[in-house]
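Here the structure comes first, spelled out in structure tokens, and everything after it is commentary.
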Amino acid sequence: MTLADIKAKSSASGGKATARPTVFVDGASGTTGLEIRQRLDRQGDVTVKSLDGDKRKDPAAKRALMAEVDLVILCLPDDAARETVALIDGMGADAPKVLDASTAFRVAPDWTYGFPELTPDQADRIKAARKVTNPGCYPTGSIALLRPLTDAGLIPQDYPVTINAVSGYSGGGKSMIESFEKGTAPAFELYGLGFEHKHLPETQKYANLTRRPIFVPSVGDYRKGMLVSLPLHLDTLPGQPDGAALHAVLEKRYAGSTYVSVMPLDNTAAKSGRIEPEALNGSNKLELHVFASDKHRQAVLVARLDNLGKGASGAAVQNMRLMLGLPDTGQD
């Protein structure tokens with residue numbers, strides 16, 4: 001009898017119905033993995049399993065552990081994620097569900113994109129999926145702003161979109177974190193100026209754009225927090241909408257969302273003309289702001305999030321709960 005048969009039999013008899021689901025976080029020592037573990041510890045309704053240090057790179061030990069769990073969360077470099085997924089694919093009926101936090105499968109056709117708020121039915125797709133790819137931090141903000149507007153026809157699919165963004169240094173991996181914490185990094189810098197940033201393919205695909213956007217990321221001397229901004233000339237858009245029309249489309253799309261909020265047009269940030277990146281740190285929240293000028297017929301749409309929250313680990317836990325059929329507690 002396979003593990004799948006045992007699970008099915010136990011579930012049918014009621015034996016597994018009340019048991020905690022089991023999860024293996026592969027790569028739990030990295031930035032994203034550590035944050036996921038901390039969030040799971042706070043939620044307390046999932047059993048997290050792990051491998052001893054000397055067995056982490058042992059394929060046989062990893063395969064044996066994965067056969068025991070309901071879901072594997074991969075917090076690995078792309079190549080290592082591909083190797084582990086190949087191992088899972090070879091497990092047949094014993095294979096667990098898999099949630100990958102790397103960029104390896106973000107645009108793969110047989111994977112489900114893990115942004116539950118992407119469309120009204122995306123959360124249901126994630127619930128039914130066996131393979132889910134967790135979104136990147138920058139694309140989360142970009143797609144949240146763009147997709148409702150391209151779906152509504154307010155931004156054409158071939159519109160020349162420019163996306164500017166700034167993140168805390170924790171999103172840059174071990175070497176970047178070390179350079180900032182040692183004081184050897186600059187206070188601020190643009191990067192990705194070779195036009196090949198790894199987040200561009202998923203941004204274009206899931207924002208429903210046919211023209212590749214220009215993406216200008218940057219990093220500041222603070223640990224975490226992110227702003228993603230989208231500048232628009234309103235008179236170049238179909239129907240020449242004003243800021244209120246853009247805001248109404250976003251508000252309609254995310255009405256009732258637990259984690260995505262469309263902020264009022266007259267909020268504090270709009271009145272001050274300023275917005276800082278760290279206000280949502282530690283949460284799984286995503287705020288969308290519309291700053292617009294009727295006088296100049298221009299707008300800047302801004303997404304604010306924690307790059308390690310809704311931009312990484314918080315999103316992973318949200319997706320995990322959907323995949324395991326756990327209730328949404330609204331916890332950050």
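Chain labels A, B, ... are given in the sequence in which chains occur in the structure tokens; within each chain residues are numbered consecutively from 1, and ligands are likewise numbered from 1 in the order shown.
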
- Find the residues near His197 in chain A: any atom within 10 Å, counting only C-alpha atoms, skip ones fewer than 4 places away on the same chain, and give them as a ChimeraX atom specification. /A:191-193,201,214-217

Residues as selected, all heavy atoms, written as a short mmCIF file (atom, residue, chain, number, x, y, z; two decimals), in the first residue's frame, can you do that?
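The resulting file, result13.cif, is shown below:
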data_model
loop_
_atom_site.label_atom_id
_atom_site.label_comp_id
_atom_site.auth_asym_id
_atom_site.auth_seq_id
_atom_site.Cartn_x
_atom_site.Cartn_y
_atom_site.Cartn_z
N TYR A 191 19.81 48.80 -9.86
CA TYR A 191 20.44 47.61 -10.42
C TYR A 191 19.51 47.03 -11.49
O TYR A 191 18.48 47.61 -11.83
CB TYR A 191 20.80 46.60 -9.34
CG TYR A 191 19.63 45.95 -8.62
CD1 TYR A 191 19.22 44.66 -8.96
CD2 TYR A 191 18.97 46.61 -7.59
CE1 TYR A 191 18.17 44.05 -8.29
CE2 TYR A 191 17.91 46.00 -6.92
CZ TYR A 191 17.51 44.72 -7.28
OH TYR A 191 16.47 44.14 -6.62
N GLY A 192 19.89 45.89 -12.06
CA GLY A 192 19.08 45.29 -13.11
C GLY A 192 19.07 46.10 -14.39
O GLY A 192 18.13 46.00 -15.18
N LEU A 193 20.10 46.91 -14.60
CA LEU A 193 20.11 47.81 -15.75
C LEU A 193 20.58 47.12 -17.03
O LEU A 193 20.76 47.79 -18.05
CB LEU A 193 20.97 49.04 -15.44
CG LEU A 193 20.41 49.90 -14.30
CD1 LEU A 193 21.36 51.04 -13.96
CD2 LEU A 193 19.03 50.44 -14.65
N PRO A 201 9.85 38.06 -16.69
CA PRO A 201 8.94 37.14 -17.38
C PRO A 201 7.61 36.94 -16.66
O PRO A 201 6.54 36.97 -17.29
CB PRO A 201 9.74 35.84 -17.47
CG PRO A 201 11.17 36.29 -17.48
CD PRO A 201 11.21 37.47 -16.54
N ILE A 214 9.54 47.96 -19.04
CA ILE A 214 10.84 48.40 -18.52
C ILE A 214 10.74 48.36 -17.00
O ILE A 214 9.83 48.94 -16.40
CB ILE A 214 11.19 49.81 -18.99
CG1 ILE A 214 11.43 49.82 -20.50
CG2 ILE A 214 12.44 50.33 -18.27
CD1 ILE A 214 11.68 51.20 -21.08
N PHE A 215 11.67 47.68 -16.37
CA PHE A 215 11.66 47.50 -14.92
C PHE A 215 12.96 48.03 -14.35
O PHE A 215 14.05 47.61 -14.75
CB PHE A 215 11.48 46.02 -14.58
CG PHE A 215 11.57 45.70 -13.11
CD1 PHE A 215 10.89 46.46 -12.16
CD2 PHE A 215 12.34 44.63 -12.66
CE1 PHE A 215 10.98 46.17 -10.82
CE2 PHE A 215 12.43 44.32 -11.32
CZ PHE A 215 11.75 45.09 -10.39
N VAL A 216 12.85 48.98 -13.41
CA VAL A 216 14.02 49.62 -12.82
C VAL A 216 13.98 49.38 -11.29
O VAL A 216 13.37 50.15 -10.55
CB VAL A 216 14.07 51.13 -13.12
CG1 VAL A 216 15.39 51.72 -12.60
CG2 VAL A 216 13.90 51.39 -14.60
N PRO A 217 14.60 48.30 -10.83
CA PRO A 217 14.64 48.03 -9.39
C PRO A 217 15.77 48.79 -8.70
O PRO A 217 16.74 49.21 -9.34
CB PRO A 217 14.87 46.53 -9.32
CG PRO A 217 15.69 46.23 -10.54
CD PRO A 217 15.23 47.21 -11.60
#

With range 87-97 of chain A as the partner and 8 Å as the cut-off, tabulate the residues of range 121-220 of chain A that qualify, each row holding the nearest pair of atoms and their distance in Å to one decimal, using only C-alpha atoms, sorted by chain and rising number, as JSON lines.
{"residue": "A:Ala129", "atom": "CA", "partner": "A:Lys97", "partner_atom": "CA", "distance": 7.9}
{"residue": "A:Arg130", "atom": "CA", "partner": "A:Lys97", "partner_atom": "CA", "distance": 4.7}
{"residue": "A:Lys131", "atom": "CA", "partner": "A:Lys97", "partner_atom": "CA", "distance": 6.1}

- Which neighbours of range 60-76 of chain A fall inside 7 Å, counting only C-alpha atoms, when residues of the same chain fewer than 2 positions from it are skipped, and could you give them as number ranges by chain? A: 21-28, 32-33, 55-56, 58, 78, 80-81, 94-102

- Message: Residues of range 76-187 of chain A classed as strand (DSSP E) by DSSP on the backbone are to be reported as a list of chain:residue names.
- Response: A:Lys97, A:Val98, A:Leu99, A:Asp100, A:Thr112, A:Tyr113, A:Lys131, A:Val132, A:Thr133, A:Thr162, A:Ile163, A:Asn164, A:Ala165, A:Val166, A:Ser167, A:Gly168

Expected file: the selected residues, N, CA, C and O atoms, as a short mmCIF file (atom, residue, chain, number, x, y, z; two decimals), in the first residue's frame:
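Result saved to part-v3.cif:
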data_model
loop_
_atom_site.label_atom_id
_atom_site.label_comp_id
_atom_site.auth_asym_id
_atom_site.auth_seq_id
_atom_site.Cartn_x
_atom_site.Cartn_y
_atom_site.Cartn_z
N LYS A 97 2.51 17.43 -2.23
CA LYS A 97 2.33 18.69 -2.93
C LYS A 97 3.61 19.51 -2.77
O LYS A 97 4.36 19.32 -1.80
N VAL A 98 3.85 20.43 -3.71
CA VAL A 98 5.08 21.21 -3.63
C VAL A 98 4.80 22.68 -3.90
O VAL A 98 4.03 23.03 -4.81
N LEU A 99 5.39 23.52 -3.07
CA LEU A 99 5.30 24.97 -3.20
C LEU A 99 6.73 25.48 -3.34
O LEU A 99 7.54 25.32 -2.43
N ASP A 100 7.04 26.06 -4.50
CA ASP A 100 8.42 26.46 -4.79
C ASP A 100 8.57 27.97 -4.70
O ASP A 100 7.83 28.71 -5.34
N THR A 112 0.90 26.25 -11.01
CA THR A 112 -0.09 27.27 -10.70
C THR A 112 0.60 28.44 -10.03
O THR A 112 1.38 28.26 -9.09
N TYR A 113 0.29 29.64 -10.49
CA TYR A 113 0.93 30.84 -9.93
C TYR A 113 0.31 31.19 -8.59
O TYR A 113 -0.91 31.33 -8.46
N LYS A 131 1.22 21.58 -7.64
CA LYS A 131 2.46 22.33 -7.81
C LYS A 131 2.13 23.81 -7.90
O LYS A 131 1.43 24.25 -8.82
N VAL A 132 2.65 24.58 -6.96
CA VAL A 132 2.40 26.02 -6.92
C VAL A 132 3.74 26.75 -6.86
O VAL A 132 4.63 26.36 -6.09
N THR A 133 3.89 27.77 -7.67
CA THR A 133 5.11 28.58 -7.65
C THR A 133 4.82 29.91 -6.97
O THR A 133 3.91 30.64 -7.35
N THR A 162 6.32 51.22 -17.61
CA THR A 162 7.56 51.36 -16.85
C THR A 162 7.26 51.13 -15.37
O THR A 162 6.31 51.71 -14.83
N ILE A 163 8.04 50.28 -14.74
CA ILE A 163 7.87 49.96 -13.32
C ILE A 163 9.15 50.34 -12.58
O ILE A 163 10.25 49.91 -12.95
N ASN A 164 9.00 51.16 -11.56
CA ASN A 164 10.12 51.52 -10.68
C ASN A 164 9.87 50.91 -9.31
O ASN A 164 8.72 50.82 -8.87
N ALA A 165 10.92 50.48 -8.64
CA ALA A 165 10.71 49.84 -7.35
C ALA A 165 11.95 49.99 -6.48
O ALA A 165 13.07 50.09 -6.97
N VAL A 166 11.71 49.97 -5.16
CA VAL A 166 12.81 49.97 -4.20
C VAL A 166 12.50 48.93 -3.13
O VAL A 166 11.36 48.78 -2.70
N SER A 167 13.54 48.19 -2.73
CA SER A 167 13.38 47.15 -1.73
C SER A 167 14.44 47.30 -0.65
O SER A 167 15.51 47.86 -0.88
N GLY A 168 14.14 46.76 0.52
CA GLY A 168 15.16 46.60 1.54
C GLY A 168 16.16 45.55 1.11
O GLY A 168 15.88 44.68 0.28
#

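Compared by their closest atoms to Arg20 in chain A, and using only C-alpha atoms, the residues A:Gly114, A:Val228, A:Arg321, A:Leu209 rank with A:Arg321 nearest.
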
Which parts of range 15-137 of chain A does DSSP call helix (DSSP H, G or I) when run on the backbone here, written out as a compact mmCIF listing (two decimals) with all heavy atoms, in the first residue's frame?
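Once written, selection.txt looks like this:
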# COMPACT_ATOMS: atom_id res chain seq x y z
N THR A 31 17.05 33.07 4.23
CA THR A 31 16.22 34.18 4.70
C THR A 31 14.73 33.87 4.60
O THR A 31 13.97 34.02 5.56
CB THR A 31 16.54 35.46 3.91
OG1 THR A 31 17.95 35.72 4.00
CG2 THR A 31 15.78 36.65 4.47
N THR A 32 14.30 33.42 3.43
CA THR A 32 12.88 33.11 3.23
C THR A 32 12.46 31.93 4.08
O THR A 32 11.40 31.95 4.73
CB THR A 32 12.59 32.82 1.75
OG1 THR A 32 12.90 33.98 0.97
CG2 THR A 32 11.13 32.46 1.53
N GLY A 33 13.29 30.88 4.12
CA GLY A 33 12.96 29.70 4.90
C GLY A 33 12.84 29.98 6.39
O GLY A 33 11.93 29.48 7.06
N LEU A 34 13.74 30.80 6.91
CA LEU A 34 13.67 31.15 8.33
C LEU A 34 12.39 31.90 8.65
O LEU A 34 11.74 31.66 9.68
CB LEU A 34 14.89 31.99 8.72
CG LEU A 34 16.22 31.25 8.84
CD1 LEU A 34 17.37 32.24 8.99
CD2 LEU A 34 16.19 30.28 10.02
N GLU A 35 12.01 32.84 7.78
CA GLU A 35 10.77 33.60 7.98
C GLU A 35 9.56 32.68 7.93
O GLU A 35 8.61 32.83 8.71
CB GLU A 35 10.64 34.69 6.92
CG GLU A 35 11.57 35.87 7.12
CD GLU A 35 10.90 37.03 7.83
OE1 GLU A 35 9.65 37.08 7.87
OE2 GLU A 35 11.62 37.90 8.35
N ILE A 36 9.57 31.71 7.02
CA ILE A 36 8.45 30.77 6.94
C ILE A 36 8.35 29.97 8.23
O ILE A 36 7.25 29.81 8.79
CB ILE A 36 8.63 29.84 5.72
CG1 ILE A 36 8.41 30.61 4.42
CG2 ILE A 36 7.65 28.65 5.80
CD1 ILE A 36 8.73 29.83 3.17
N ARG A 37 9.47 29.47 8.72
CA ARG A 37 9.45 28.70 9.96
C ARG A 37 8.90 29.53 11.12
O ARG A 37 8.10 29.03 11.92
CB ARG A 37 10.87 28.22 10.30
CG ARG A 37 11.38 27.08 9.45
CD ARG A 37 10.54 25.81 9.61
NE ARG A 37 10.45 25.35 10.98
CZ ARG A 37 11.22 24.39 11.50
NH1 ARG A 37 12.13 23.79 10.75
NH2 ARG A 37 11.08 24.01 12.75
N GLN A 38 9.31 30.77 11.21
CA GLN A 38 8.81 31.63 12.29
C GLN A 38 7.31 31.84 12.18
O GLN A 38 6.59 31.79 13.19
CB GLN A 38 9.54 32.97 12.25
CG GLN A 38 11.01 32.88 12.63
CD GLN A 38 11.78 34.15 12.34
OE1 GLN A 38 11.21 35.17 11.93
NE2 GLN A 38 13.09 34.11 12.54
N ARG A 39 6.82 32.04 10.97
CA ARG A 39 5.38 32.23 10.78
C ARG A 39 4.60 30.96 11.10
O ARG A 39 3.53 31.01 11.71
CB ARG A 39 5.09 32.70 9.35
CG ARG A 39 5.55 34.13 9.09
CD ARG A 39 5.53 34.49 7.61
NE ARG A 39 6.10 35.82 7.40
CZ ARG A 39 5.41 36.95 7.36
NH1 ARG A 39 4.10 36.91 7.49
NH2 ARG A 39 6.01 38.12 7.19
N LEU A 40 5.13 29.81 10.71
CA LEU A 40 4.47 28.55 11.01
C LEU A 40 4.45 28.28 12.51
O LEU A 40 3.47 27.76 13.04
CB LEU A 40 5.15 27.40 10.27
CG LEU A 40 5.05 27.41 8.74
CD1 LEU A 40 5.77 26.22 8.15
CD2 LEU A 40 3.60 27.45 8.29
N ASP A 41 5.52 28.63 13.19
CA ASP A 41 5.56 28.46 14.65
C ASP A 41 4.49 29.31 15.32
O ASP A 41 3.87 28.88 16.30
CB ASP A 41 6.94 28.83 15.19
CG ASP A 41 8.02 27.80 14.83
OD1 ASP A 41 7.65 26.68 14.43
OD2 ASP A 41 9.22 28.14 14.93
N ARG A 42 4.26 30.51 14.79
CA ARG A 42 3.24 31.38 15.39
C ARG A 42 1.83 30.85 15.12
O ARG A 42 0.94 30.99 15.95
CB ARG A 42 3.36 32.81 14.82
CG ARG A 42 4.60 33.55 15.27
CD ARG A 42 4.43 35.05 15.10
NE ARG A 42 4.23 35.45 13.72
CZ ARG A 42 5.20 35.79 12.88
NH1 ARG A 42 6.47 35.74 13.28
NH2 ARG A 42 4.93 36.17 11.65
N GLN A 43 1.62 30.21 13.96
CA GLN A 43 0.28 29.73 13.63
C GLN A 43 -0.04 28.43 14.36
O GLN A 43 -1.17 28.22 14.78
CB GLN A 43 0.14 29.58 12.12
CG GLN A 43 0.26 30.92 11.41
CD GLN A 43 -0.21 30.89 9.97
OE1 GLN A 43 -0.61 29.85 9.46
NE2 GLN A 43 -0.15 32.02 9.31
N GLY A 53 21.46 18.10 9.70
CA GLY A 53 22.40 18.81 8.84
C GLY A 53 23.17 17.94 7.88
O GLY A 53 23.35 18.29 6.71
N ASP A 54 23.61 16.76 8.33
CA ASP A 54 24.43 15.91 7.47
C ASP A 54 23.61 15.16 6.43
O ASP A 54 24.16 14.50 5.54
CB ASP A 54 25.22 14.92 8.32
CG ASP A 54 24.34 14.02 9.16
OD1 ASP A 54 23.17 14.36 9.38
OD2 ASP A 54 24.83 12.95 9.60
N LYS A 55 22.29 15.24 6.51
CA LYS A 55 21.44 14.53 5.55
C LYS A 55 20.74 15.47 4.56
O LYS A 55 20.00 14.99 3.69
CB LYS A 55 20.38 13.71 6.30
CG LYS A 55 20.96 12.58 7.13
CD LYS A 55 19.86 11.77 7.79
CE LYS A 55 20.44 10.60 8.58
NZ LYS A 55 19.36 9.81 9.24
N PRO A 59 19.99 12.59 -1.25
CA PRO A 59 18.73 12.41 -1.98
C PRO A 59 17.83 11.33 -1.39
O PRO A 59 16.61 11.48 -1.35
CB PRO A 59 19.19 12.05 -3.40
CG PRO A 59 20.56 12.62 -3.52
CD PRO A 59 21.16 12.48 -2.15
N ALA A 60 18.43 10.23 -0.93
CA ALA A 60 17.63 9.14 -0.37
C ALA A 60 16.93 9.57 0.92
O ALA A 60 15.75 9.29 1.14
CB ALA A 60 18.51 7.92 -0.11
N ALA A 61 17.66 10.29 1.78
CA ALA A 61 17.07 10.77 3.02
C ALA A 61 15.98 11.80 2.75
O ALA A 61 14.92 11.79 3.38
CB ALA A 61 18.16 11.38 3.91
N LYS A 62 16.25 12.66 1.77
CA LYS A 62 15.24 13.67 1.42
C LYS A 62 13.99 13.00 0.84
O LYS A 62 12.87 13.37 1.20
CB LYS A 62 15.83 14.66 0.41
CG LYS A 62 14.86 15.77 0.03
CD LYS A 62 15.42 16.71 -1.02
CE LYS A 62 16.48 17.63 -0.44
NZ LYS A 62 16.85 18.71 -1.40
N ARG A 63 14.18 12.04 -0.02
CA ARG A 63 13.04 11.36 -0.62
C ARG A 63 12.20 10.67 0.44
O ARG A 63 10.97 10.71 0.42
CB ARG A 63 13.52 10.34 -1.66
CG ARG A 63 12.39 9.74 -2.49
CD ARG A 63 12.90 8.61 -3.36
NE ARG A 63 11.90 8.18 -4.33
CZ ARG A 63 10.84 7.44 -4.06
NH1 ARG A 63 10.61 7.06 -2.80
NH2 ARG A 63 9.99 7.09 -5.01
N ALA A 64 12.87 10.02 1.40
CA ALA A 64 12.15 9.32 2.47
C ALA A 64 11.32 10.28 3.30
O ALA A 64 10.17 9.99 3.66
CB ALA A 64 13.14 8.56 3.34
N LEU A 65 11.89 11.44 3.62
CA LEU A 65 11.15 12.42 4.40
C LEU A 65 9.99 12.98 3.60
O LEU A 65 8.88 13.13 4.12
CB LEU A 65 12.09 13.55 4.84
CG LEU A 65 11.41 14.67 5.65
CD1 LEU A 65 10.78 14.11 6.93
CD2 LEU A 65 12.40 15.77 5.99
N MET A 66 10.22 13.27 2.32
CA MET A 66 9.15 13.85 1.51
C MET A 66 7.98 12.88 1.34
O MET A 66 6.84 13.30 1.16
CB MET A 66 9.70 14.29 0.16
CG MET A 66 10.63 15.49 0.26
SD MET A 66 11.02 16.30 -1.32
CE MET A 66 11.82 14.96 -2.22
N ASP A 78 17.56 28.09 -7.86
CA ASP A 78 16.78 27.53 -8.96
C ASP A 78 17.21 26.12 -9.34
O ASP A 78 16.37 25.22 -9.50
CB ASP A 78 16.88 28.43 -10.19
CG ASP A 78 16.04 29.70 -10.04
OD1 ASP A 78 15.54 29.95 -8.93
OD2 ASP A 78 15.89 30.43 -11.04
N ASP A 79 18.50 25.89 -9.52
CA ASP A 79 18.97 24.57 -9.95
C ASP A 79 18.65 23.50 -8.91
O ASP A 79 18.24 22.38 -9.25
CB ASP A 79 20.47 24.59 -10.24
CG ASP A 79 20.80 25.34 -11.52
OD1 ASP A 79 19.88 25.56 -12.34
OD2 ASP A 79 21.99 25.70 -11.71
N ALA A 80 18.85 23.83 -7.64
CA ALA A 80 18.54 22.87 -6.57
C ALA A 80 17.04 22.60 -6.50
O ALA A 80 16.61 21.46 -6.23
CB ALA A 80 19.05 23.39 -5.23
N ALA A 81 16.23 23.62 -6.76
CA ALA A 81 14.77 23.43 -6.78
C ALA A 81 14.38 22.48 -7.91
O ALA A 81 13.53 21.59 -7.73
CB ALA A 81 14.07 24.77 -6.94
N ARG A 82 14.99 22.65 -9.07
CA ARG A 82 14.69 21.76 -10.19
C ARG A 82 15.06 20.32 -9.86
O ARG A 82 14.30 19.38 -10.20
CB ARG A 82 15.44 22.23 -11.44
CG ARG A 82 14.95 23.56 -12.01
CD ARG A 82 15.61 23.89 -13.32
NE ARG A 82 15.25 25.21 -13.79
CZ ARG A 82 15.99 26.31 -13.61
NH1 ARG A 82 17.18 26.19 -12.99
NH2 ARG A 82 15.59 27.47 -14.04
N GLU A 83 16.18 20.12 -9.21
CA GLU A 83 16.60 18.77 -8.84
C GLU A 83 15.61 18.14 -7.87
O GLU A 83 15.26 16.95 -8.00
CB GLU A 83 18.00 18.82 -8.20
CG GLU A 83 19.11 19.17 -9.18
CD GLU A 83 20.46 19.31 -8.49
OE1 GLU A 83 20.51 19.10 -7.24
OE2 GLU A 83 21.45 19.64 -9.16
N THR A 84 15.16 18.91 -6.90
CA THR A 84 14.22 18.36 -5.91
C THR A 84 12.86 18.08 -6.54
O THR A 84 12.23 17.07 -6.22
CB THR A 84 14.08 19.33 -4.72
OG1 THR A 84 15.36 19.54 -4.13
CG2 THR A 84 13.14 18.77 -3.67
N VAL A 85 12.42 18.95 -7.44
CA VAL A 85 11.15 18.70 -8.12
C VAL A 85 11.23 17.45 -8.99
O VAL A 85 10.28 16.66 -9.06
CB VAL A 85 10.73 19.94 -8.95
CG1 VAL A 85 9.55 19.61 -9.86
CG2 VAL A 85 10.35 21.09 -8.02
N ALA A 86 12.38 17.24 -9.63
CA ALA A 86 12.56 16.01 -10.41
C ALA A 86 12.46 14.78 -9.50
O ALA A 86 11.88 13.75 -9.88
CB ALA A 86 13.90 16.04 -11.12
N LEU A 87 13.01 14.90 -8.30
CA LEU A 87 12.91 13.81 -7.32
C LEU A 87 11.46 13.56 -6.94
O LEU A 87 10.99 12.41 -6.88
CB LEU A 87 13.75 14.16 -6.09
CG LEU A 87 13.98 13.08 -5.03
CD1 LEU A 87 14.72 11.88 -5.62
CD2 LEU A 87 14.76 13.66 -3.85
N ILE A 88 10.71 14.65 -6.70
CA ILE A 88 9.29 14.53 -6.34
C ILE A 88 8.50 13.92 -7.49
O ILE A 88 7.63 13.05 -7.29
CB ILE A 88 8.72 15.90 -5.95
CG1 ILE A 88 9.35 16.38 -4.62
CG2 ILE A 88 7.20 15.85 -5.82
CD1 ILE A 88 9.01 17.82 -4.26
N ASP A 89 8.79 14.35 -8.72
CA ASP A 89 8.08 13.82 -9.88
C ASP A 89 8.27 12.32 -10.03
O ASP A 89 7.40 11.63 -10.60
CB ASP A 89 8.55 14.52 -11.16
CG ASP A 89 8.04 15.96 -11.27
OD1 ASP A 89 7.07 16.29 -10.57
OD2 ASP A 89 8.61 16.72 -12.07
N GLY A 92 5.81 9.22 -7.77
CA GLY A 92 4.49 8.65 -8.07
C GLY A 92 3.44 9.04 -7.05
O GLY A 92 3.32 10.21 -6.67
N ALA A 93 2.68 8.05 -6.60
CA ALA A 93 1.58 8.31 -5.67
C ALA A 93 2.06 8.77 -4.30
O ALA A 93 1.28 9.30 -3.50
CB ALA A 93 0.72 7.05 -5.52
N ASP A 94 3.33 8.56 -4.00
CA ASP A 94 3.88 9.00 -2.71
C ASP A 94 4.28 10.47 -2.71
O ASP A 94 4.68 11.01 -1.67
CB ASP A 94 5.12 8.17 -2.36
CG ASP A 94 4.77 6.74 -1.95
OD1 ASP A 94 3.60 6.50 -1.62
OD2 ASP A 94 5.67 5.89 -1.98
N GLN A 122 -8.44 32.52 -8.61
CA GLN A 122 -7.07 32.01 -8.47
C GLN A 122 -6.87 31.25 -7.16
O GLN A 122 -6.13 30.27 -7.11
CB GLN A 122 -6.06 33.16 -8.57
CG GLN A 122 -4.61 32.71 -8.69
CD GLN A 122 -4.30 31.99 -10.00
OE1 GLN A 122 -5.11 32.02 -10.93
NE2 GLN A 122 -3.15 31.35 -10.07
N ALA A 123 -7.50 31.69 -6.10
CA ALA A 123 -7.36 30.97 -4.82
C ALA A 123 -7.88 29.55 -4.95
O ALA A 123 -7.28 28.60 -4.40
CB ALA A 123 -8.10 31.71 -3.71
N ASP A 124 -8.96 29.35 -5.69
CA ASP A 124 -9.48 28.00 -5.89
C ASP A 124 -8.52 27.16 -6.73
O ASP A 124 -8.39 25.95 -6.52
CB ASP A 124 -10.85 28.05 -6.58
CG ASP A 124 -11.94 28.58 -5.66
OD1 ASP A 124 -11.80 28.43 -4.43
OD2 ASP A 124 -12.93 29.14 -6.16
N ARG A 125 -7.86 27.79 -7.69
CA ARG A 125 -6.86 27.07 -8.49
C ARG A 125 -5.71 26.59 -7.60
O ARG A 125 -5.21 25.48 -7.76
CB ARG A 125 -6.33 27.97 -9.60
CG ARG A 125 -7.34 28.34 -10.67
CD ARG A 125 -6.73 29.33 -11.66
NE ARG A 125 -7.68 29.77 -12.63
CZ ARG A 125 -7.92 29.19 -13.81
NH1 ARG A 125 -7.23 28.09 -14.13
NH2 ARG A 125 -8.82 29.67 -14.64
N ILE A 126 -5.29 27.45 -6.69
CA ILE A 126 -4.20 27.08 -5.78
C ILE A 126 -4.64 25.94 -4.86
O ILE A 126 -3.87 25.00 -4.60
CB ILE A 126 -3.75 28.32 -4.98
CG1 ILE A 126 -3.12 29.36 -5.93
CG2 ILE A 126 -2.77 27.94 -3.88
CD1 ILE A 126 -2.91 30.72 -5.31
N LYS A 127 -5.87 26.00 -4.36
CA LYS A 127 -6.37 24.94 -3.50
C LYS A 127 -6.32 23.58 -4.20
O LYS A 127 -6.03 22.56 -3.58
CB LYS A 127 -7.83 25.23 -3.11
CG LYS A 127 -8.01 26.33 -2.09
CD LYS A 127 -9.49 26.53 -1.80
CE LYS A 127 -9.71 27.70 -0.85
NZ LYS A 127 -11.16 27.92 -0.59
N ALA A 128 -6.60 23.57 -5.49
CA ALA A 128 -6.68 22.31 -6.24
C ALA A 128 -5.34 21.86 -6.80
O ALA A 128 -5.22 20.74 -7.30
CB ALA A 128 -7.68 22.46 -7.39
N CYS A 137 8.80 39.08 -5.17
CA CYS A 137 8.34 40.24 -4.39
C CYS A 137 7.96 41.41 -5.31
O CYS A 137 6.88 41.99 -5.18
CB CYS A 137 9.40 40.66 -3.38
SG CYS A 137 11.07 40.85 -4.05

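Among A:Gln298, A:Ile177, A:Thr184, A:Leu51, the residue with the shortest atom-to-atom distance to Pro241 in chain A, counting only C-alpha atoms, is A:Gln298.
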
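In this model, the gap between CA of Leu288 in chain A and CA of Phe105 in chain A comes to 26.6 Å.
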
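Of the listed residues (A:Glu202, A:Asp158, A:Glu276, A:Glu178), A:Glu202 comes nearest to Thr140 in chain A; the distances count only C-alpha atoms.
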
- Query: So how far away is CA of Ser170 in chain A from CA of Leu227 in chain A, in Å?
  - Reply: 14.1 Å

- Message: Can you measure CA of Met176 in chain A to CA of Gln204 in chain A for me? One decimal in Å is fine.
- Response: 26.2 Å
